[in-house]
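As structure tokens, the structure follows; a few thoughts come after it.
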Amino acid sequence: MSERRLVHPGAWWVWAIGLAAGALRTTNPFLLCLIVAVAGWVVVSRRSDAPWARSFASCLRLGLIVIIIRMVFQVFFGARIPGTIVFSLPEVTLPSWAAGVSIGGTVTTESLVAAFYQGLRLATVVACFGAATSLCSPYRMLRALPSALYEAGVAMTVAFSFAPQAIVSARQVRDARRLRGRSDRGIRAWSGAAMPVLEGALERSVALAASMDSRGYGRRGDVSVPLRRLGSVLTLLGLVLVMIGSYGLLDPGAPVLFRLPAMVLAVLAFVAALLVGGRLNHRTRYRPDPWAFPEWVITLSGVAAVIGSVISARNGDLLDPSVYPLEFPAIPLAALAGVLLASLPAWVAPLPPTALSTSQPLAVAA
Amino acid sequence: MIRFEHVTVTYPDAPAPILVDVNFEVPEGELCLVVGVTGSGKSTLLRAVNGLVPRFTGGVMQGSVIVDGRRTSEVSPRELADVVGLVGQDPAASFVTDYVEDELAYAMENLGIAPDIMRRRVEDILDLLGLHELRNRPLASLSGGQQQRVAIGSVLTAGPRVLVLDEPTSALDPAAAEEVLAALTRLVHDLGTTVLIAEHRLERVVQYADRVMLIPGGGQPVVIGLPAEVLRTSVVAPPVVELGRLAGWSPLPLSVREARRSASELRERLSSVVPPVRVPRNIGEIVVVTENLQASYGPITALRGVNLEIRSGEIVAVMGRNGAGKSTLLNHLVGLRAPIGGSVRVMGREPHRLSARDIVRAAGLVPQDCGVLLYHDTVAAECRAADRDTDLAPGSTRAVLDRIVPEIEARTHPRDLSEGQRLGLALAIILASEPPVVLLDEPTRGLDYLAKQRLIHVLTTFANAGTAVVIATHDVEVVAAVADRVVVMAEGEIVADGPAREVVSHSPVFAPQVAKVMAPEPWLTVSEVKAALGALESPGAIA
């Protein structure tokens, strides 16, 4: 076993995004469950003992809620799919301007299965991001971003940090309620606690911003205003193009122009932004994380999950099992192999250092 | 280095400005101590140095603040980051990163300092503040005192020429506070750093200060001068200064060492007097018992086999270094956490099995940050809610509040109360349901001497009425003034348990200033000495 060290956050995020992209391309329940299992297995075998490393479990719970909400919506408002009727609800006749929306009506096995598949897909994506945040904190990812992307990354960090901060203040408020003698269960307890929790989390976020500012975050030094604006515009352009490009890659029905060309343009915009940004930003990096053999394996294993799904689609395998008529989903082999490959990090990634070890191995890169 | 010219700050919706026409100058390399009662505007003044006031707080600032030749009205806080390092009151709120080492490097990364220099400075600061064992720890897993040291270190690494610290030692145990202050004095001496520091526990800091700035509050002019001069008349003064004033020593002593040199005559005069034994209260039946109580946070053991008995009418102080398990113990006594081993009984019942409604009648806890107990928008609403929650007659909480801190306007927002008033309100909410056991976690943080006096009075009154009071605190002066019994904890175990006078006066760390000055005579507080002197002068007055 190699030395204990933290893995480059970029590797974990590419891996997680690869798994999530693989999940977004399918509604096959076996494939989706396998993706969750692989993510969970890697998290369990390679997470550190830091507080955020426990976020995977809460993401799973969140995923469960997503599935339930999706199915409840299907029962009451979902599109009607013909088939075996499970039960019928009284149907509300809507005026003609609300055509396409239905309330109530017959609920079929087919419609429930379809809703379950879609809910499961969303839950799997949530679990993939839970895995990424368990394996490395969002802040470490931000640190590894190229400096031109730093500002966009900070907005993300503050957004990411809001959730854990809300959890901290929720705990405080729950304790405080107990100390004041209020019941700590039931809907009334939670509705009464919402305001102080939000207030507390918001106050912490403002304090964080003040602290970042007073410690020199976002210093510009003496850079001309036009150059600064050019950098921001290029970064923004790159982000928008990436968005369009990934939509093209994830939705097989998207226009051809949205696929490869958008991605190429995005890369060009980012390179330009990096060149300008490099001149703008005087940030330096303390002990950058090395990118070595394990990082390559982790990254490629995540990419493998997407490639497997693409090959399966080429082979004509059904990534979205039919719900009408309802069929037992077949397992697309290439996609399955891709997902299984993504479990490699559970063996290849170095273990994280324990909190009690006093030294961290030096960065390899000079 | 720092110059305030006619600075007036008014917060939005405030009836009056918090700072009025403040003028002063702090030259380079000076350690200036800012003192004043709570709510006098110390934090505002400190945060104005790098422009966080009014940029992040709102409000209007007139006049100008000039730091290192730059006006804060023209330069944003981030551009001043290489000149001014600011450490706020709540270290946890200032953390940006996740790990100790990353946090130390954060400001340097923003300033664009070369990687090899960063590396060396981080190592220097790790050694200077004794943090090397924590370097790989996630920040969220540190104790309060450790977090405070990391917060100070993370500012020091950037090598600022001005260091601004808002109550840097208030969360620290006496030994850790000494360490931090020693590190600060070294910076002042070796690197010529200008330091502006606000602290309520003057006894810890005043001996290191070159000058003292007194903010009287209420719009009166700021007084700045040599420590001995300013403290001669100041309303806030550490015990050693009060002792000096009482005995008429000149020059006024600022440290225990200076006082001891003048004290031989006083010690002799009092050698014939027996120090008062604390008035024996009617200490009653046992209300709290723990047997072999154990607790842990993940892999870290917090309590390992605590055996403790507390009787009604007792005031027990729990002391010990940061992370020794004091807060964990208190949390178990009100059932916020369930023990993983051993047992805990409060009024004969297991607190973690009691419902919220029952626990408030058995034991009440005022947590470290008492503001978390308050979440209504007026004082009146807080009191009404407390009555409703605990099925008390309307007006009961307000009646208790009036006994503790009279004259709080009912319409005030709890956030606008001073630190002492807020503690009073939290205490009133807890005391209203008349629990036989009251626990306070670090109640004196952020309190000035007057507010502490009031707290001591309140606690003594309730203990006399039969309430058992437990305070977890680092404040040796408060312990000396109020506690009957002291329990010292270390590494999750009880290492000493006995009468306050014995435990405290024999410990070099926990002894109050008066005990150190008067040793080997076991006097603990200025008021004891004062009473004894009064009795000596008029022998007939002895009861």
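Residues in the structure tokens are named by chain (A, B, ... in the order shown) and by number from 1 within that chain; ligands are numbered from 1 in the order shown.
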Check your understanding: Residues of chain B within 8 Å of chain A, using only C-alpha atoms, as a ChimeraX atom specification?
Key -> /B:50,52,56,77-82,85-86,93-98,102,105-115,118-119,132-138,140-141,155,334,336,355-360,364-365,372-373,375,386,389-390,429-430
Could you write out the selected residues, including C-alpha atoms, as a CSV table (one decimal), in the first residue's frame?
```csv
chain,number,residue,atom,x,y,z
B,50,ASN,CA,-9.5,47.6,8.0
B,52,LEU,CA,-15.1,46.1,7.6
B,56,PHE,CA,-19.8,44.9,5.8
B,77,PRO,CA,-10.4,45.6,3.1
B,78,ARG,CA,-9.0,43.1,0.7
B,79,GLU,CA,-6.4,45.6,-0.6
B,80,LEU,CA,-5.4,46.2,3.0
B,81,ALA,CA,-5.0,42.5,3.7
B,82,ASP,CA,-1.2,42.7,3.5
B,85,GLY,CA,-4.6,41.2,10.0
B,86,LEU,CA,-8.0,41.0,11.8
B,93,ALA,CA,-17.0,31.9,11.8
B,94,SER,CA,-13.8,33.2,10.1
B,95,PHE,CA,-12.6,29.9,8.7
B,96,VAL,CA,-12.6,29.6,4.9
B,97,THR,CA,-10.9,26.3,4.4
B,98,ASP,CA,-11.2,22.8,5.9
B,102,ASP,CA,-4.8,25.2,4.4
B,105,ALA,CA,-1.8,29.4,4.0
B,106,TYR,CA,-5.1,31.0,2.8
B,107,ALA,CA,-4.2,34.7,3.2
B,108,MET,CA,-0.7,34.1,1.8
B,109,GLU,CA,-2.2,32.5,-1.3
B,110,ASN,CA,-4.4,35.5,-1.8
B,111,LEU,CA,-1.4,37.8,-1.5
B,112,GLY,CA,0.6,35.8,-4.0
B,113,ILE,CA,3.5,35.0,-1.7
B,114,ALA,CA,6.0,32.6,-3.3
B,115,PRO,CA,5.4,28.9,-2.4
B,118,MET,CA,4.7,30.2,2.3
B,119,ARG,CA,6.0,26.8,3.3
B,132,HIS,CA,2.2,21.4,14.8
B,133,GLU,CA,0.3,18.4,16.2
B,134,LEU,CA,-2.9,19.8,14.7
B,135,ARG,CA,-1.7,20.5,11.2
B,136,ASN,CA,-3.7,17.7,9.4
B,137,ARG,CA,-6.8,18.1,11.5
B,138,PRO,CA,-10.1,19.2,9.9
B,140,ALA,CA,-14.4,21.5,12.5
B,141,SER,CA,-12.8,18.9,14.8
B,155,VAL,CA,-3.6,36.0,10.2
B,334,VAL,CA,-29.2,18.1,30.7
B,336,LEU,CA,-28.4,16.8,25.2
B,355,SER,CA,-38.8,14.9,27.5
B,356,ALA,CA,-38.0,18.5,26.8
B,357,ARG,CA,-40.8,19.6,29.1
B,358,ASP,CA,-39.6,17.5,32.0
B,359,ILE,CA,-35.9,18.3,31.6
B,360,VAL,CA,-36.4,22.1,32.1
B,364,GLY,CA,-31.3,24.1,32.9
B,365,LEU,CA,-28.3,24.9,30.8
B,372,VAL,CA,-28.7,30.6,20.5
B,373,LEU,CA,-31.4,30.3,23.1
B,375,TYR,CA,-34.9,33.6,18.7
B,386,ALA,CA,-40.8,30.9,27.8
B,389,ASP,CA,-43.3,26.6,26.8
B,390,THR,CA,-43.0,25.7,30.4
B,429,ILE,CA,-35.6,31.9,30.6
B,430,ILE,CA,-33.8,29.0,32.2
```
Point to revise | Spatial neighbours of Leu191 in chain B, 12 Å, only C-alpha atoms, chain gap at least 2 places, as a ChimeraX atom specification | key: /B:28-30,156,159-163,183-189,193-195
Practice item. List every residue of range 35-202 of chain A that DSSP, applied to the backbone, labels as helix (DSSP H, G or I), and write the result as a count of residues only. Key: 125
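Every protein or nucleic acid residue with an atom no more than 9 Å from Ala92 in chain B, counting only C-alpha atoms and leaving out same-chain residues fewer than 3 positions away, appears here: Phe95, Leu139, Ala140, Gly144, Gln147, Gln148 and Ala151 of chain B.
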Check your understanding: From the set A:Leu326, A:Leu274, A:Ile331, A:Leu237, which residue has the shortest atom-to-atom contact distance to Leu145 in chain A, counting only C-alpha atoms?
Key -> A:Leu274
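Among the candidates A:Gly231, A:Pro294, A:Gly105, A:Pro29, the residue lying nearest to Ala346 in chain A is A:Pro294 (atoms considered: only C-alpha atoms).
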Point to revise | Surrounding residues of range 71-75 of chain B excluding itself and chain neighbours under 5 positions, 8 Å, only C-alpha atoms, as number ranges by chain | key: B: 49-51, 64-66, 80
Those residues with C-alpha atoms, as a PDB file, in the first residue's frame please?
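Output contents, as saved in out36.pdb:
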```
ATOM      1  CA  VAL B  49      -9.364  49.670  11.191  1.00  0.00           C
ATOM      2  CA  ASN B  50      -9.470  47.630   7.995  1.00  0.00           C
ATOM      3  CA  GLY B  51     -12.755  49.039   6.754  1.00  0.00           C
ATOM      4  CA  SER B  64     -11.395  59.080   8.315  1.00  0.00           C
ATOM      5  CA  VAL B  65      -9.337  56.098   9.330  1.00  0.00           C
ATOM      6  CA  ILE B  66      -5.804  56.073   7.978  1.00  0.00           C
ATOM      7  CA  LEU B  80      -5.419  46.210   3.041  1.00  0.00           C
TER       8      LEU B  80
END
```
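The two atoms in question, CA of Glu493 in chain B and CA of Val509 in chain B, are spaced 17.8 Å apart.
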